[in-house]
Amino acid sequence: VREHGIEPDGTISDPSAGCLSRRTFIRGAGTGLAALWGSRLLGIGAGAAAGGLFATAPAGAAEHVPFSVPLPVPPVLIDPDITLVAREADVQILPGAPTRMWTLGGSFPGPTIRRPSGEATRLTVRHELPEEVGTLTIHHHGSHSSPDDDGQPRPEVEIAPGAERAYTYEFMEDGSPERAAFQWYHDHSHFRTGRNVWRGLAGMVILDDAVDSGLPLPRGDHDIPLMIATRQFDADNQLTDPFTAPDRSGRLPHEAIGAGFPPGDEVVGLVPLVNGAAQPFMEVEPRRYRFRILNAANFTPYNLFLTNDQDLVQIATESGLMPAPLARSEVLLGPAERVEVIVDFTGRAGETIRLESKSTAGAYSPKNSVLPATTPQQLSLLEFRVTKPLLEPDTSSVPDELRALPEWVGEIEDNRIDRVWAFGMGVDGGGRPAWTINGQPFDHSRVDARPVLGTVEHWALVNTSQGGKSHYIHIHDVDWKVVSRNGSLPPPEEDCLKETFRLDPGDIVVVAAKFTDHVGPYMMHCHMLEHEDHGMMATFEVVPPGSVTPVARELSSGDLHRPDLRCEIPAARSPKRRK
Ligand SMILES: [Cu+2]
């Protein structure tokens with residue numbers, strides 16, 4: 001699988017060949033542009049081979065000793081009325097000089113917000129970052145919020161420098177408290193999400209409810225959130241700025257900030273951080289722990305496993321508890337995806353066990369990291385040391401049944417597809433390459449679909465970006481049940497509620513949701529942040545029943561053979577039953 005769009009001869013290939021005419025502007029870009037991108041982009045594969053920044057490790061990374069700093073755990077805010085100030089702060093990330101970051105609350109990650117579901121919570125964000133940062137909008141990722149409280153990239157809800165905005169989260173869904181889940185918050189400014197999250201505007205959220213708390217799962221000090229976020233630093237331990245590469249005519253690509261043109265626009269830092277620390281250690285007791293793991297990297301998927309071959313017992317996705325626990329030897333986690341896992345250290349006193357990422361198709365390749373890799377195929381993220389005494393007997397357990405799916409899942413029809421969304425490449429209004437959904441880059445003034453409040457819809461998500469580009473598609477507003485993956489029933493880790501979906505090249509993933517509570521606009525987008533910033537985002541508007549709405553610009557499965565999409569995608573078919 002070719003990870004990058006730059007060929008060994010310096011020309012830039014088009015992974016979406018067929019969706020875009022490479023001859024018109026891709027071919028002939030020449031080695032000069034490739035070299036420029038190589039020095040600007042922190043890419044895997046060919047980008048790394050181009051040298052530049054990759055040759056030099058940051059000062060802190062050079063002094064870095066693996067597993068020498070304890071795992072930081074962000075402070076937890078539990079009040080119903082929370083204020084986070086967006087401001088610059090010096091954060092100790094690597095040994096030596098601190099890193100100047102844009103933070104929410106002065107730390108990276110920002111404080112963890114932990115609230116009971118069903119209880120209204122107000123988050124006020126005050127923008128005290130420098131004027132040149134521009135407006136902000138803070139998305140509560142995973143919350144079933146009203147459009148105006150969702151933190152969307154719409155001009156009317158943005159926070160100007162010096163101003164503040166209060167977001168209210170009711171944490172209610174279809175008449176009941178929202179299902180408990182591990183969520184997060186991050187900036188969502190259009191064209192600038194990648195840069196703003198890279199600079200530090202992100203934190204975690206834990207939403208509790210009676211069902212989750214009623215289970216005998218590990219809690220308290222044995223319930224730990226882990227944010228994996230990849231970054232790159234210069235020789236002074238400062239974050240690199242791969243977001244301002246000009247195009248070959250010297251202009252900044254697109255309207256504002258980007259790492260380059262699609263398809264070679266991804267930003268892949270070489271230093272993976274866990275809760276803001278590079279390769280930290282954590283002392284644990286010989287008992288069960290619950291780890292809530294978020295991939296907050298701009299672009300990089302991780303393929304997680306434990307070095308003692310112990311399974312990670314998954315109990316939850318982005319959308320909270322699964323129907324039943326699932327023992328997994330590896331967990332592939334893409335940008336914005338979350339898993340919650342139980343790790344049992346019982347009987348392992350004195351052992352050292354590491355959480356690592358191993359290479360797999362589409363996942364992080366540790367050979368490019370500036371951190372020492374365990375093997376050429378594996379990179380340690382976090383070391384567990386079972387050195388703490390057991391403070392009290394471990395009464396936790398993992399029940400065979402965790403949480404039933406919601407009732408509306410019974411309305412899902414295996415053979416039904418209401419809308420088709422094709423994730424591919426095209427051009428923007430200026431004729432420049434852009435990531436597209438159904439052939440069009442994002443335009444906040446355009447509504448691409450109008451589902452009706454109270455109905456269940458079935459959406460087919462199709463990756464038409466041929467040539468090795470995966471996407472991780474996040475849909476705002478509600479939780480989705482995966483109906484099928486490439487015509488088969490979803491694998492067990494997807495046979496549940498989710499809100500971010502891996503789409504490998506050619507994949508057709510059918511998902512279904514019920515639209516409840518809120519009418520108005522919501523976004524759907526790739527959560528590889530450079531893809532989102534460079535067009536791969538659409539707006540759907542939930543409308544009240546009986547609304548007379550204009551005909552939305554939607555595709556049917558027949559449209560997948562349209563000349564302007566030029567992609568050979570088989571028509572979706574009803575899933576085959578697994579044995
Ligand atoms: Cu993408």
# chains A, B, ... in the order shown; residues from 1 in each chain; ligands from 1
call {"tool": "closest_atom_pairs", "arguments": {"of": "chain A", "to": "ligand 1", "cutoff": "10 Å", "atoms": "only C-alpha atoms and all ligand atoms", "output": "tab-separated table"}}
result
residue	atom	partner	partner_atom_place_in_ligand_line	distance
A:Pro263	CA	ligand 1	1 (Cu)	9.5
A:Glu266	CA	ligand 1	1 (Cu)	9.1
A:Phe299	CA	ligand 1	1 (Cu)	8.3
A:Pro335	CA	ligand 1	1 (Cu)	9.6
A:Phe423	CA	ligand 1	1 (Cu)	7.8
A:Gly424	CA	ligand 1	1 (Cu)	8.7
A:Trp435	CA	ligand 1	1 (Cu)	7.8
A:Thr436	CA	ligand 1	1 (Cu)	9.5
A:Asn463	CA	ligand 1	1 (Cu)	9.1
A:Ser465	CA	ligand 1	1 (Cu)	9.0
A:Lys469	CA	ligand 1	1 (Cu)	7.3
A:Ser470	CA	ligand 1	1 (Cu)	6.2
A:His471	CA	ligand 1	1 (Cu)	3.6
A:Tyr472	CA	ligand 1	1 (Cu)	5.8
A:Ile473	CA	ligand 1	1 (Cu)	7.1
A:His474	CA	ligand 1	1 (Cu)	10.0
A:Arg502	CA	ligand 1	1 (Cu)	9.3
A:Leu503	CA	ligand 1	1 (Cu)	8.5
A:Asp504	CA	ligand 1	1 (Cu)	9.7
A:His525	CA	ligand 1	1 (Cu)	8.0
A:Cys526	CA	ligand 1	1 (Cu)	4.5
A:His527	CA	ligand 1	1 (Cu)	6.4
A:Met528	CA	ligand 1	1 (Cu)	4.9
A:Leu529	CA	ligand 1	1 (Cu)	7.6
A:Glu530	CA	ligand 1	1 (Cu)	7.7
A:His531	CA	ligand 1	1 (Cu)	4.8
A:Glu532	CA	ligand 1	1 (Cu)	6.9
A:Asp533	CA	ligand 1	1 (Cu)	9.9
A:His534	CA	ligand 1	1 (Cu)	9.5
A:Gly535	CA	ligand 1	1 (Cu)	9.7
A:Met536	CA	ligand 1	1 (Cu)	6.9
A:Met537	CA	ligand 1	1 (Cu)	9.6
call {"tool": "closest_residue", "arguments": {"among": "A:Pro262, A:Gly151, A:Pro492, A:Gly276", "to": "Thr103 in chain A", "atoms": "only C-alpha atoms"}}
result
A:Gly276
call {"tool": "residues_around", "arguments": {"residues": "Thr112 in chain A", "least_positions_apart": "4", "cutoff": "7 Å", "atoms": "only C-alpha atoms", "output": "list of chain:residue names"}}
result
A:Pro74, A:Pro75, A:Val76, A:Leu77, A:Gly203, A:Met204, A:Val205
call {"tool": "closest_residue", "arguments": {"among": "A:His140, A:Arg290, A:Lys514, A:Arg195", "to": "His458 in chain A", "atoms": "only C-alpha atoms"}}
result
A:Lys514
call {"tool": "closest_residue", "arguments": {"among": "A:Phe243, A:Phe515, A:Tyr302, A:Phe345", "to": "Asn196 in chain A", "atoms": "only C-alpha atoms"}}
result
A:Phe243
call {"tool": "residues_around", "arguments": {"residues": "range 78-83 of chain A", "least_positions_apart": "3", "cutoff": "7 Å", "atoms": "only C-alpha atoms", "output": "number ranges by chain"}}
result
A: 113-115, 120-125
call {"tool": "write_last_selection", "arguments": {"atoms": "C-alpha atoms", "output": "PDB file, in the first residue's frame"}}
result
ATOM      1  CA  ILE A 113     -14.575  17.087  31.869  1.00  0.00           C
ATOM      2  CA  ARG A 114     -16.480  14.411  33.789  1.00  0.00           C
ATOM      3  CA  ARG A 115     -20.231  14.813  34.152  1.00  0.00           C
ATOM      4  CA  ALA A 120     -27.231  20.085  32.001  1.00  0.00           C
ATOM      5  CA  THR A 121     -23.681  21.315  31.774  1.00  0.00           C
ATOM      6  CA  ARG A 122     -22.439  24.684  30.641  1.00  0.00           C
ATOM      7  CA  LEU A 123     -19.011  25.094  29.109  1.00  0.00           C
ATOM      8  CA  THR A 124     -17.815  28.648  28.555  1.00  0.00           C
ATOM      9  CA  VAL A 125     -14.819  29.039  26.257  1.00  0.00           C
TER      10      VAL A 125
END
call {"tool": "residues_around", "arguments": {"residues": "His144 in chain A", "least_positions_apart": "4", "cutoff": "12 Å", "atoms": "only C-alpha atoms", "output": "PyMOL selection string"}}
result
chain A and resi 117-118+139-140+148-151+168-174+176-181+183+207+319+475-480+499+514-519+522
call {"tool": "write_last_selection", "arguments": {"atoms": "N, CA and C atoms", "output": "tab-separated table (two decimals), in the first residue's frame"}}
result
chain	number	residue	atom	x	y	z
A	117	SER	N	-24.61	12.03	32.94
A	117	SER	CA	-25.55	12.22	31.84
A	117	SER	C	-26.90	12.69	32.40
A	118	GLY	N	-27.64	13.42	31.56
A	118	GLY	CA	-28.95	13.90	31.97
A	118	GLY	C	-28.90	15.17	32.80
A	139	HIS	N	-15.82	21.97	19.37
A	139	HIS	CA	-16.76	20.86	19.17
A	139	HIS	C	-16.67	19.88	20.34
A	140	HIS	N	-17.83	19.55	20.91
A	140	HIS	CA	-17.89	18.48	21.91
A	140	HIS	C	-18.17	17.19	21.14
A	148	ASP	N	-26.37	24.68	17.69
A	148	ASP	CA	-25.65	25.87	18.15
A	148	ASP	C	-24.69	25.57	19.31
A	149	ASP	N	-24.87	24.43	19.97
A	149	ASP	CA	-23.98	24.05	21.06
A	149	ASP	C	-22.97	22.98	20.64
A	150	ASP	N	-22.98	22.65	19.37
A	150	ASP	CA	-22.19	21.52	18.87
A	150	ASP	C	-20.75	21.93	18.55
A	151	GLY	N	-20.50	23.24	18.45
A	151	GLY	CA	-19.15	23.68	18.10
A	151	GLY	C	-18.84	23.40	16.64
A	168	THR	N	-24.12	24.83	25.97
A	168	THR	CA	-24.92	24.07	26.93
A	168	THR	C	-25.12	22.66	26.40
A	169	TYR	N	-24.81	21.69	27.26
A	169	TYR	CA	-25.01	20.28	26.91
A	169	TYR	C	-26.10	19.73	27.83
A	170	GLU	N	-27.22	19.33	27.23
A	170	GLU	CA	-28.31	18.77	28.03
A	170	GLU	C	-28.01	17.32	28.39
A	171	PHE	N	-27.21	16.65	27.60
A	171	PHE	CA	-26.89	15.23	27.78
A	171	PHE	C	-28.16	14.38	27.87
A	172	MET	N	-29.13	14.72	27.00
A	172	MET	CA	-30.36	13.94	26.89
A	172	MET	C	-30.49	13.43	25.46
A	173	GLU	N	-31.08	12.25	25.31
A	173	GLU	CA	-31.27	11.69	23.98
A	173	GLU	C	-32.59	10.95	23.93
A	174	ASP	N	-33.48	11.43	23.07
A	174	ASP	CA	-34.77	10.77	22.83
A	174	ASP	C	-35.51	10.51	24.14
A	176	SER	N	-34.34	10.25	27.21
A	176	SER	CA	-33.58	9.62	28.29
A	176	SER	C	-32.20	10.27	28.38
A	177	PRO	N	-31.54	10.09	29.50
A	177	PRO	CA	-30.16	10.56	29.56
A	177	PRO	C	-29.32	9.89	28.46
A	178	GLU	N	-28.44	10.69	27.85
A	178	GLU	CA	-27.55	10.15	26.83
A	178	GLU	C	-26.76	8.98	27.38
A	179	ARG	N	-26.48	8.00	26.55
A	179	ARG	CA	-25.69	6.85	27.00
A	179	ARG	C	-24.30	7.30	27.44
A	180	ALA	N	-23.83	6.75	28.53
A	180	ALA	CA	-22.49	7.07	29.01
A	180	ALA	C	-21.47	6.77	27.92
A	181	ALA	N	-20.46	7.63	27.80
A	181	ALA	CA	-19.46	7.43	26.75
A	181	ALA	C	-18.21	8.22	27.06
A	183	GLN	N	-15.85	10.74	25.50
A	183	GLN	CA	-15.94	11.71	24.42
A	183	GLN	C	-14.73	12.65	24.49
A	207	LEU	N	-18.58	10.92	30.14
A	207	LEU	CA	-19.99	11.06	30.49
A	207	LEU	C	-20.41	9.78	31.20
A	319	SER	N	-19.25	5.30	21.23
A	319	SER	CA	-20.64	5.51	21.64
A	319	SER	C	-20.98	4.78	22.93
A	475	ILE	N	-19.54	11.21	11.98
A	475	ILE	CA	-20.84	11.85	11.77
A	475	ILE	C	-21.30	12.44	13.11
A	476	HIS	N	-21.61	13.73	13.08
A	476	HIS	CA	-22.06	14.43	14.29
A	476	HIS	C	-23.49	14.02	14.67
A	477	ASP	N	-23.91	14.47	15.83
A	477	ASP	CA	-25.30	14.45	16.31
A	477	ASP	C	-25.68	13.16	17.01
A	478	VAL	N	-25.77	12.04	16.31
A	478	VAL	CA	-26.33	10.83	16.93
A	478	VAL	C	-25.36	9.65	16.78
A	479	ASP	N	-25.66	8.58	17.52
A	479	ASP	CA	-24.89	7.35	17.39
A	479	ASP	C	-25.43	6.53	16.22
A	480	TRP	N	-24.56	5.75	15.63
A	480	TRP	CA	-24.91	4.95	14.45
A	480	TRP	C	-24.65	3.49	14.73
A	499	GLU	N	-19.54	6.23	16.10
A	499	GLU	CA	-19.74	7.48	15.35
A	499	GLU	C	-18.57	7.87	14.46
A	514	LYS	N	-31.06	6.90	14.17
A	514	LYS	CA	-32.33	7.59	14.34
A	514	LYS	C	-32.04	9.03	14.74
A	515	PHE	N	-32.64	9.96	14.00
A	515	PHE	CA	-32.43	11.38	14.29
A	515	PHE	C	-33.44	11.83	15.34
A	516	THR	N	-32.92	12.25	16.48
A	516	THR	CA	-33.81	12.62	17.58
A	516	THR	C	-33.49	14.01	18.12
A	517	ASP	N	-34.45	14.58	18.78
A	517	ASP	CA	-34.32	15.78	19.62
A	517	ASP	C	-34.06	17.09	18.89
A	518	HIS	N	-33.01	17.12	18.07
A	518	HIS	CA	-32.58	18.42	17.53
A	518	HIS	C	-32.82	18.51	16.02
A	519	VAL	N	-33.31	19.65	15.59
A	519	VAL	CA	-33.32	19.95	14.16
A	519	VAL	C	-32.23	20.98	13.89
A	522	TYR	N	-25.84	19.77	10.90
A	522	TYR	CA	-24.74	19.00	11.51
A	522	TYR	C	-23.73	18.65	10.41
call {"tool": "atom_distance", "arguments": {"atom1": "CA of Arg287 in chain A", "atom2": "CA of Pro301 in chain A"}}
result
28.8 Å
call {"tool": "select_by_dssp", "arguments": {"residues": "range 270-394 of chain A", "states": "strand (DSSP E or B)", "output": "tab-separated table (two decimals) with N, CA, C and O atoms, in the first residue's frame"}}
result
chain	number	residue	atom	x	y	z
A	271	VAL	N	6.48	11.84	16.89
A	271	VAL	CA	6.54	11.59	18.33
A	271	VAL	C	5.13	11.35	18.85
A	271	VAL	O	4.35	12.28	19.00
A	272	PRO	N	4.78	10.09	19.10
A	272	PRO	CA	3.48	9.84	19.70
A	272	PRO	C	3.51	10.16	21.19
A	272	PRO	O	4.44	9.76	21.90
A	273	LEU	N	2.49	10.90	21.63
A	273	LEU	CA	2.39	11.28	23.03
A	273	LEU	C	1.19	10.59	23.66
A	273	LEU	O	0.17	10.42	23.02
A	274	VAL	N	1.34	10.19	24.91
A	274	VAL	CA	0.19	9.67	25.66
A	274	VAL	C	-0.08	10.64	26.79
A	274	VAL	O	0.80	10.87	27.64
A	277	ALA	N	2.77	13.11	27.10
A	277	ALA	CA	4.13	12.69	27.43
A	277	ALA	C	4.60	11.64	26.43
A	277	ALA	O	3.80	10.80	25.97
A	278	ALA	N	5.90	11.70	26.09
A	278	ALA	CA	6.46	10.72	25.16
A	278	ALA	C	6.89	9.49	25.93
A	278	ALA	O	7.71	9.57	26.84
A	281	PHE	N	5.65	5.97	31.70
A	281	PHE	CA	5.37	4.71	32.39
A	281	PHE	C	4.25	4.95	33.38
A	281	PHE	O	3.95	6.08	33.77
A	282	MET	N	3.60	3.86	33.78
A	282	MET	CA	2.55	3.94	34.78
A	282	MET	C	2.70	2.76	35.74
A	282	MET	O	2.79	1.62	35.31
A	283	GLU	N	2.80	3.07	37.02
A	283	GLU	CA	2.84	2.01	38.02
A	283	GLU	C	1.42	1.59	38.34
A	283	GLU	O	0.56	2.43	38.62
A	288	ARG	N	-7.50	-5.38	37.92
A	288	ARG	CA	-8.07	-4.90	36.66
A	288	ARG	C	-8.07	-3.37	36.60
A	288	ARG	O	-8.29	-2.71	37.62
A	289	TYR	N	-7.84	-2.88	35.40
A	289	TYR	CA	-7.96	-1.44	35.13
A	289	TYR	C	-8.87	-1.24	33.92
A	289	TYR	O	-8.93	-2.09	33.03
A	290	ARG	N	-9.52	-0.10	33.89
A	290	ARG	CA	-10.28	0.33	32.71
A	290	ARG	C	-9.49	1.47	32.07
A	290	ARG	O	-9.22	2.48	32.72
A	291	PHE	N	-9.10	1.29	30.82
A	291	PHE	CA	-8.43	2.35	30.08
A	291	PHE	C	-9.34	2.83	28.96
A	291	PHE	O	-9.85	2.04	28.17
A	292	ARG	N	-9.54	4.14	28.93
A	292	ARG	CA	-10.34	4.77	27.87
A	292	ARG	C	-9.34	5.40	26.92
A	292	ARG	O	-8.63	6.33	27.30
A	293	ILE	N	-9.27	4.90	25.69
A	293	ILE	CA	-8.21	5.28	24.77
A	293	ILE	C	-8.80	6.07	23.60
A	293	ILE	O	-9.70	5.60	22.91
A	294	LEU	N	-8.25	7.27	23.41
A	294	LEU	CA	-8.67	8.16	22.31
A	294	LEU	C	-7.49	8.35	21.38
A	294	LEU	O	-6.37	8.64	21.83
A	295	ASN	N	-7.70	8.22	20.09
A	295	ASN	CA	-6.69	8.61	19.11
A	295	ASN	C	-6.99	10.05	18.67
A	295	ASN	O	-7.93	10.28	17.92
A	302	TYR	N	-3.34	3.95	14.90
A	302	TYR	CA	-2.45	3.08	15.68
A	302	TYR	C	-3.06	1.69	15.77
A	302	TYR	O	-4.28	1.54	15.81
A	303	ASN	N	-2.19	0.70	15.81
A	303	ASN	CA	-2.63	-0.68	15.93
A	303	ASN	C	-2.11	-1.20	17.27
A	303	ASN	O	-0.97	-1.63	17.39
A	304	LEU	N	-2.94	-1.12	18.29
A	304	LEU	CA	-2.51	-1.29	19.67
A	304	LEU	C	-2.52	-2.75	20.10
A	304	LEU	O	-3.40	-3.52	19.71
A	305	PHE	N	-1.54	-3.10	20.93
A	305	PHE	CA	-1.50	-4.44	21.52
A	305	PHE	C	-0.63	-4.38	22.77
A	305	PHE	O	0.09	-3.41	23.00
A	306	LEU	N	-0.70	-5.44	23.59
A	306	LEU	CA	0.13	-5.55	24.78
A	306	LEU	C	1.27	-6.53	24.51
A	306	LEU	O	1.07	-7.56	23.86
A	312	LEU	N	-6.52	-7.27	24.93
A	312	LEU	CA	-7.22	-6.07	25.38
A	312	LEU	C	-8.71	-6.43	25.33
A	312	LEU	O	-9.22	-6.82	24.28
A	313	VAL	N	-9.39	-6.36	26.46
A	313	VAL	CA	-10.80	-6.74	26.48
A	313	VAL	C	-11.63	-5.48	26.26
A	313	VAL	O	-11.80	-4.66	27.16
A	314	GLN	N	-12.12	-5.33	25.03
A	314	GLN	CA	-12.85	-4.10	24.69
A	314	GLN	C	-14.25	-4.16	25.26
A	314	GLN	O	-14.96	-5.15	25.10
A	315	ILE	N	-14.64	-3.07	25.94
A	315	ILE	CA	-16.00	-3.00	26.49
A	315	ILE	C	-16.80	-1.86	25.87
A	315	ILE	O	-18.02	-1.81	26.00
A	316	ALA	N	-16.12	-0.92	25.18
A	316	ALA	CA	-16.86	0.24	24.67
A	316	ALA	C	-16.21	0.79	23.41
A	316	ALA	O	-15.02	0.57	23.16
A	317	THR	N	-17.00	1.51	22.63
A	317	THR	CA	-16.56	2.25	21.45
A	317	THR	C	-16.73	3.73	21.74
A	317	THR	O	-16.97	4.12	22.89
A	320	GLY	N	-19.98	4.42	23.71
A	320	GLY	CA	-20.24	3.82	25.01
A	320	GLY	C	-20.20	2.30	24.97
A	320	GLY	O	-19.67	1.69	24.03
A	321	LEU	N	-20.77	1.70	26.01
A	321	LEU	CA	-20.66	0.25	26.22
A	321	LEU	C	-21.21	-0.55	25.04
A	321	LEU	O	-22.25	-0.20	24.47
A	322	MET	N	-20.51	-1.63	24.71
A	322	MET	CA	-20.95	-2.56	23.67
A	322	MET	C	-21.93	-3.55	24.29
A	322	MET	O	-22.02	-3.66	25.51
A	323	PRO	N	-22.65	-4.30	23.46
A	323	PRO	CA	-23.56	-5.30	24.04
A	323	PRO	C	-22.82	-6.33	24.89
A	323	PRO	O	-23.33	-6.77	25.91
A	324	ALA	N	-21.59	-6.70	24.47
A	324	ALA	CA	-20.83	-7.71	25.21
A	324	ALA	C	-19.35	-7.39	25.08
A	324	ALA	O	-18.92	-6.79	24.09
A	325	PRO	N	-18.54	-7.81	26.06
A	325	PRO	CA	-17.09	-7.56	25.95
A	325	PRO	C	-16.49	-8.38	24.81
A	325	PRO	O	-17.03	-9.42	24.42
A	326	LEU	N	-15.37	-7.90	24.30
A	326	LEU	CA	-14.74	-8.53	23.15
A	326	LEU	C	-13.23	-8.57	23.37
A	326	LEU	O	-12.59	-7.53	23.46
A	327	ALA	N	-12.68	-9.77	23.49
A	327	ALA	CA	-11.23	-9.92	23.68
A	327	ALA	C	-10.53	-9.73	22.34
A	327	ALA	O	-10.86	-10.39	21.36
A	328	ARG	N	-9.56	-8.82	22.30
A	328	ARG	CA	-8.88	-8.51	21.04
A	328	ARG	C	-7.37	-8.53	21.24
A	328	ARG	O	-6.85	-7.92	22.18
A	331	VAL	N	-5.90	-3.81	18.42
A	331	VAL	CA	-6.98	-2.84	18.25
A	331	VAL	C	-6.48	-1.74	17.32
A	331	VAL	O	-5.63	-0.94	17.68
A	332	LEU	N	-6.99	-1.74	16.09
A	332	LEU	CA	-6.65	-0.68	15.14
A	332	LEU	C	-7.54	0.53	15.45
A	332	LEU	O	-8.77	0.42	15.46
A	333	LEU	N	-6.90	1.65	15.76
A	333	LEU	CA	-7.64	2.82	16.23
A	333	LEU	C	-7.27	4.02	15.36
A	333	LEU	O	-6.13	4.50	15.38
A	338	ARG	N	-12.43	5.86	19.54
A	338	ARG	CA	-12.10	5.53	20.93
A	338	ARG	C	-12.45	4.07	21.18
A	338	ARG	O	-13.39	3.54	20.59
A	339	VAL	N	-11.67	3.47	22.06
A	339	VAL	CA	-12.05	2.18	22.63
A	339	VAL	C	-11.86	2.29	24.14
A	339	VAL	O	-11.01	3.05	24.62
A	340	GLU	N	-12.68	1.54	24.87
A	340	GLU	CA	-12.43	1.36	26.29
A	340	GLU	C	-12.12	-0.12	26.48
A	340	GLU	O	-12.83	-0.98	25.96
A	341	VAL	N	-11.01	-0.36	27.19
A	341	VAL	CA	-10.58	-1.75	27.36
A	341	VAL	C	-10.32	-2.03	28.84
A	341	VAL	O	-9.99	-1.13	29.61
A	342	ILE	N	-10.49	-3.29	29.19
A	342	ILE	CA	-10.11	-3.75	30.52
A	342	ILE	C	-8.79	-4.52	30.37
A	342	ILE	O	-8.67	-5.39	29.50
A	343	VAL	N	-7.82	-4.15	31.19
A	343	VAL	CA	-6.55	-4.88	31.24
A	343	VAL	C	-6.42	-5.44	32.65
A	343	VAL	O	-6.53	-4.70	33.63
A	344	ASP	N	-6.20	-6.75	32.72
A	344	ASP	CA	-6.14	-7.42	34.02
A	344	ASP	C	-4.68	-7.73	34.37
A	344	ASP	O	-4.05	-8.59	33.74
A	352	THR	N	6.67	-6.16	33.72
A	352	THR	CA	6.62	-4.95	32.92
A	352	THR	C	5.95	-5.28	31.59
A	352	THR	O	6.37	-6.19	30.89
A	353	ILE	N	4.89	-4.57	31.30
A	353	ILE	CA	4.07	-4.85	30.11
A	353	ILE	C	3.93	-3.54	29.36
A	353	ILE	O	3.67	-2.48	29.97
A	354	ARG	N	4.10	-3.58	28.06
A	354	ARG	CA	4.00	-2.32	27.31
A	354	ARG	C	2.81	-2.32	26.36
A	354	ARG	O	2.47	-3.35	25.78
A	355	LEU	N	2.23	-1.15	26.23
A	355	LEU	CA	1.23	-0.91	25.20
A	355	LEU	C	1.99	-0.40	23.99
A	355	LEU	O	2.67	0.63	24.06
A	356	GLU	N	1.91	-1.14	22.89
A	356	GLU	CA	2.67	-0.76	21.70
A	356	GLU	C	1.75	-0.68	20.49
A	356	GLU	O	0.60	-1.13	20.53
A	357	SER	N	2.30	-0.10	19.44
A	357	SER	CA	1.60	-0.08	18.15
A	357	SER	C	2.43	-0.88	17.18
A	357	SER	O	3.65	-0.72	17.13
A	358	LYS	N	1.79	-1.76	16.44
A	358	LYS	CA	2.54	-2.54	15.45
A	358	LYS	C	2.02	-2.22	14.06
A	358	LYS	O	0.86	-1.87	13.87
A	375	THR	N	11.09	-2.86	18.01
A	375	THR	CA	11.57	-3.61	16.85
A	375	THR	C	11.25	-2.71	15.67
A	375	THR	O	10.56	-1.70	15.82
A	378	GLN	N	7.53	-2.30	15.69
A	378	GLN	CA	6.73	-1.99	16.88
A	378	GLN	C	7.27	-0.76	17.59
A	378	GLN	O	8.47	-0.54	17.65
A	379	LEU	N	6.37	0.01	18.13
A	379	LEU	CA	6.76	1.20	18.89
A	379	LEU	C	6.01	1.21	20.21
A	379	LEU	O	4.79	1.09	20.25
A	380	SER	N	6.75	1.38	21.29
A	380	SER	CA	6.11	1.44	22.60
A	380	SER	C	5.48	2.80	22.82
A	380	SER	O	6.09	3.83	22.55
A	381	LEU	N	4.28	2.78	23.34
A	381	LEU	CA	3.59	4.02	23.67
A	381	LEU	C	3.60	4.26	25.17
A	381	LEU	O	3.74	5.39	25.63
A	382	LEU	N	3.43	3.18	25.95
A	382	LEU	CA	3.24	3.32	27.39
A	382	LEU	C	3.71	2.03	28.06
A	382	LEU	O	3.42	0.94	27.58
A	383	GLU	N	4.45	2.19	29.17
A	383	GLU	CA	4.93	1.00	29.91
A	383	GLU	C	4.17	0.88	31.23
A	383	GLU	O	4.15	1.81	32.03
A	384	PHE	N	3.55	-0.28	31.42
A	384	PHE	CA	2.90	-0.57	32.70
A	384	PHE	C	3.90	-1.33	33.57
A	384	PHE	O	4.47	-2.33	33.13
A	385	ARG	N	4.10	-0.86	34.80
A	385	ARG	CA	4.93	-1.59	35.76
A	385	ARG	C	4.03	-2.05	36.89
A	385	ARG	O	3.44	-1.21	37.60
call {"tool": "atom_distance", "arguments": {"atom1": "CA of Leu136 in chain A", "atom2": "CA of Pro161 in chain A"}}
result
7.9 Å
call {"tool": "closest_residue", "arguments": {"among": "A:Ser359, A:Thr387, A:Thr500, A:Thr464", "to": "Gly347 in chain A", "atoms": "only C-alpha atoms"}}
result
A:Thr387
call {"tool": "closest_residue", "arguments": {"among": "A:Leu94, A:Ala166, A:Val447, A:Leu129", "to": "Val543 in chain A", "atoms": "only C-alpha atoms"}}
result
A:Val447
